[in-house]
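Undergrad: What follows is a structure written as structure tokens; I'll ask about it next.
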Amino acid sequence: MHMNQLRLMSWIKRCLCAVAAFGVAFAIGCATGRGQPHMAAALDELRAARGELQAAEADKGGHRVRAIGIVDEAIEQVRRGMDYAATH
């Protein structure tokens, strides 16, 4: 592999790890309930990550598109968690 491909793979792995971390933040946010400043911050960060992924060049063998889908799902889950906490 070329060095650029290795760097790209590393970057994609970091993005996926960030999404996993936000999933954990989501679970913690649901458990703690009210106020939700951390959930709101996670939502902002996920939206920023999505923007960066969309701005990235080329498709990277489908990994960029898959990462965008994973981030979209994480955004939806954070929103659902915030909605749930607001009504319970």
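Residue numbering restarts at 1 in every chain; chains get A, B, ... in the order shown in the structure tokens, and ligands count up from 1 in that same order.
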Near Arg80 (chain A), within 12 Å and counting only C-alpha atoms, which residues show up once chain neighbours fewer than 2 positions away are dropped, as a list in words?

TA: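 Contacts, in chain order: Phe26, Ala27, Gly29, Cys30, Met39, Ala40, Leu43, Glu73, Ala74, Ile75, Glu76, Gln77, Val78, Met82, Asp83, Tyr84, Ala85, Ala86 and Thr87 of chain A.
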
Undergrad: For Gly62 (chain A), which residue among A:Ile12, A:Ala25, A:Cys17, A:Ala49 is the nearest when counting only C-alpha atoms?

TA: A:Ile12

Undergrad: List every residue of chain A that DSSP, applied to the backbone of this structure, places in helix (DSSP H, G or I), and write the result as a PyMOL selection string.

TA: chain A and resi 3-32+37-55+63-87

Undergrad: Output C-alpha atoms for every residue in the selection just made, as a PDB file, in the first residue's frame.

TA:
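What ended up in result39.pdb:
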ATOM      1  CA  MET A   3       1.656   5.803   2.396  1.00  0.00           C
ATOM      2  CA  ASN A   4      -1.385   7.957   1.504  1.00  0.00           C
ATOM      3  CA  GLN A   5      -3.629   4.890   1.540  1.00  0.00           C
ATOM      4  CA  LEU A   6      -2.323   3.927   4.972  1.00  0.00           C
ATOM      5  CA  ARG A   7      -2.938   7.451   6.289  1.00  0.00           C
ATOM      6  CA  LEU A   8      -6.441   7.407   4.852  1.00  0.00           C
ATOM      7  CA  MET A   9      -7.228   4.059   6.438  1.00  0.00           C
ATOM      8  CA  SER A  10      -5.960   5.377   9.758  1.00  0.00           C
ATOM      9  CA  TRP A  11      -8.141   8.481   9.410  1.00  0.00           C
ATOM     10  CA  ILE A  12     -11.232   6.391   8.617  1.00  0.00           C
ATOM     11  CA  LYS A  13     -10.554   4.171  11.630  1.00  0.00           C
ATOM     12  CA  ARG A  14     -10.294   7.268  13.845  1.00  0.00           C
ATOM     13  CA  CYS A  15     -13.629   8.523  12.494  1.00  0.00           C
ATOM     14  CA  LEU A  16     -15.281   5.191  13.188  1.00  0.00           C
ATOM     15  CA  CYS A  17     -13.828   5.177  16.702  1.00  0.00           C
ATOM     16  CA  ALA A  18     -15.236   8.664  17.241  1.00  0.00           C
ATOM     17  CA  VAL A  19     -18.664   7.429  16.151  1.00  0.00           C
ATOM     18  CA  ALA A  20     -18.382   4.544  18.619  1.00  0.00           C
ATOM     19  CA  ALA A  21     -17.416   6.987  21.370  1.00  0.00           C
ATOM     20  CA  PHE A  22     -20.464   9.084  20.585  1.00  0.00           C
ATOM     21  CA  GLY A  23     -22.576   5.935  20.816  1.00  0.00           C
ATOM     22  CA  VAL A  24     -21.272   5.468  24.340  1.00  0.00           C
ATOM     23  CA  ALA A  25     -21.999   9.135  25.055  1.00  0.00           C
ATOM     24  CA  PHE A  26     -25.513   8.521  23.796  1.00  0.00           C
ATOM     25  CA  ALA A  27     -26.013   5.642  26.203  1.00  0.00           C
ATOM     26  CA  ILE A  28     -24.674   7.681  29.106  1.00  0.00           C
ATOM     27  CA  GLY A  29     -26.859  10.615  28.110  1.00  0.00           C
ATOM     28  CA  CYS A  30     -29.942   8.421  28.126  1.00  0.00           C
ATOM     29  CA  ALA A  31     -29.039   7.101  31.554  1.00  0.00           C
ATOM     30  CA  THR A  32     -28.492  10.546  33.071  1.00  0.00           C
ATOM     31  CA  PRO A  37     -25.577  19.370  27.407  1.00  0.00           C
ATOM     32  CA  HIS A  38     -23.388  16.385  26.549  1.00  0.00           C
ATOM     33  CA  MET A  39     -25.949  14.995  24.129  1.00  0.00           C
ATOM     34  CA  ALA A  40     -26.219  18.398  22.452  1.00  0.00           C
ATOM     35  CA  ALA A  41     -22.427  18.613  22.235  1.00  0.00           C
ATOM     36  CA  ALA A  42     -22.255  15.090  20.783  1.00  0.00           C
ATOM     37  CA  LEU A  43     -24.846  16.054  18.185  1.00  0.00           C
ATOM     38  CA  ASP A  44     -22.796  19.104  17.196  1.00  0.00           C
ATOM     39  CA  GLU A  45     -19.631  17.015  16.912  1.00  0.00           C
ATOM     40  CA  LEU A  46     -21.374  14.349  14.848  1.00  0.00           C
ATOM     41  CA  ARG A  47     -22.682  16.984  12.463  1.00  0.00           C
ATOM     42  CA  ALA A  48     -19.168  18.414  12.149  1.00  0.00           C
ATOM     43  CA  ALA A  49     -17.769  14.922  11.489  1.00  0.00           C
ATOM     44  CA  ARG A  50     -20.394  14.380   8.779  1.00  0.00           C
ATOM     45  CA  GLY A  51     -19.370  17.649   7.141  1.00  0.00           C
ATOM     46  CA  GLU A  52     -15.718  16.621   7.148  1.00  0.00           C
ATOM     47  CA  LEU A  53     -16.550  13.243   5.642  1.00  0.00           C
ATOM     48  CA  GLN A  54     -18.622  14.874   2.909  1.00  0.00           C
ATOM     49  CA  ALA A  55     -15.777  17.282   2.132  1.00  0.00           C
ATOM     50  CA  HIS A  63     -15.479   3.463   3.340  1.00  0.00           C
ATOM     51  CA  ARG A  64     -16.232   7.191   3.286  1.00  0.00           C
ATOM     52  CA  VAL A  65     -19.833   6.577   2.240  1.00  0.00           C
ATOM     53  CA  ARG A  66     -20.192   3.868   4.887  1.00  0.00           C
ATOM     54  CA  ALA A  67     -18.757   6.206   7.535  1.00  0.00           C
ATOM     55  CA  ILE A  68     -21.274   8.899   6.514  1.00  0.00           C
ATOM     56  CA  GLY A  69     -24.072   6.355   6.948  1.00  0.00           C
ATOM     57  CA  ILE A  70     -22.797   5.365  10.377  1.00  0.00           C
ATOM     58  CA  VAL A  71     -22.565   9.014  11.433  1.00  0.00           C
ATOM     59  CA  ASP A  72     -26.102   9.636  10.125  1.00  0.00           C
ATOM     60  CA  GLU A  73     -27.362   6.729  12.230  1.00  0.00           C
ATOM     61  CA  ALA A  74     -25.515   8.061  15.281  1.00  0.00           C
ATOM     62  CA  ILE A  75     -27.094  11.499  14.747  1.00  0.00           C
ATOM     63  CA  GLU A  76     -30.540   9.898  14.586  1.00  0.00           C
ATOM     64  CA  GLN A  77     -29.928   7.887  17.747  1.00  0.00           C
ATOM     65  CA  VAL A  78     -28.743  10.962  19.660  1.00  0.00           C
ATOM     66  CA  ARG A  79     -31.861  12.856  18.540  1.00  0.00           C
ATOM     67  CA  ARG A  80     -34.108   9.974  19.593  1.00  0.00           C
ATOM     68  CA  GLY A  81     -32.362   9.796  22.958  1.00  0.00           C
ATOM     69  CA  MET A  82     -32.835  13.509  23.517  1.00  0.00           C
ATOM     70  CA  ASP A  83     -36.514  13.265  22.529  1.00  0.00           C
ATOM     71  CA  TYR A  84     -37.008  10.297  24.833  1.00  0.00           C
ATOM     72  CA  ALA A  85     -35.341  12.031  27.774  1.00  0.00           C
ATOM     73  CA  ALA A  86     -37.460  15.125  27.201  1.00  0.00           C
ATOM     74  CA  THR A  87     -40.682  13.123  27.538  1.00  0.00           C
TER      75      THR A  87
END
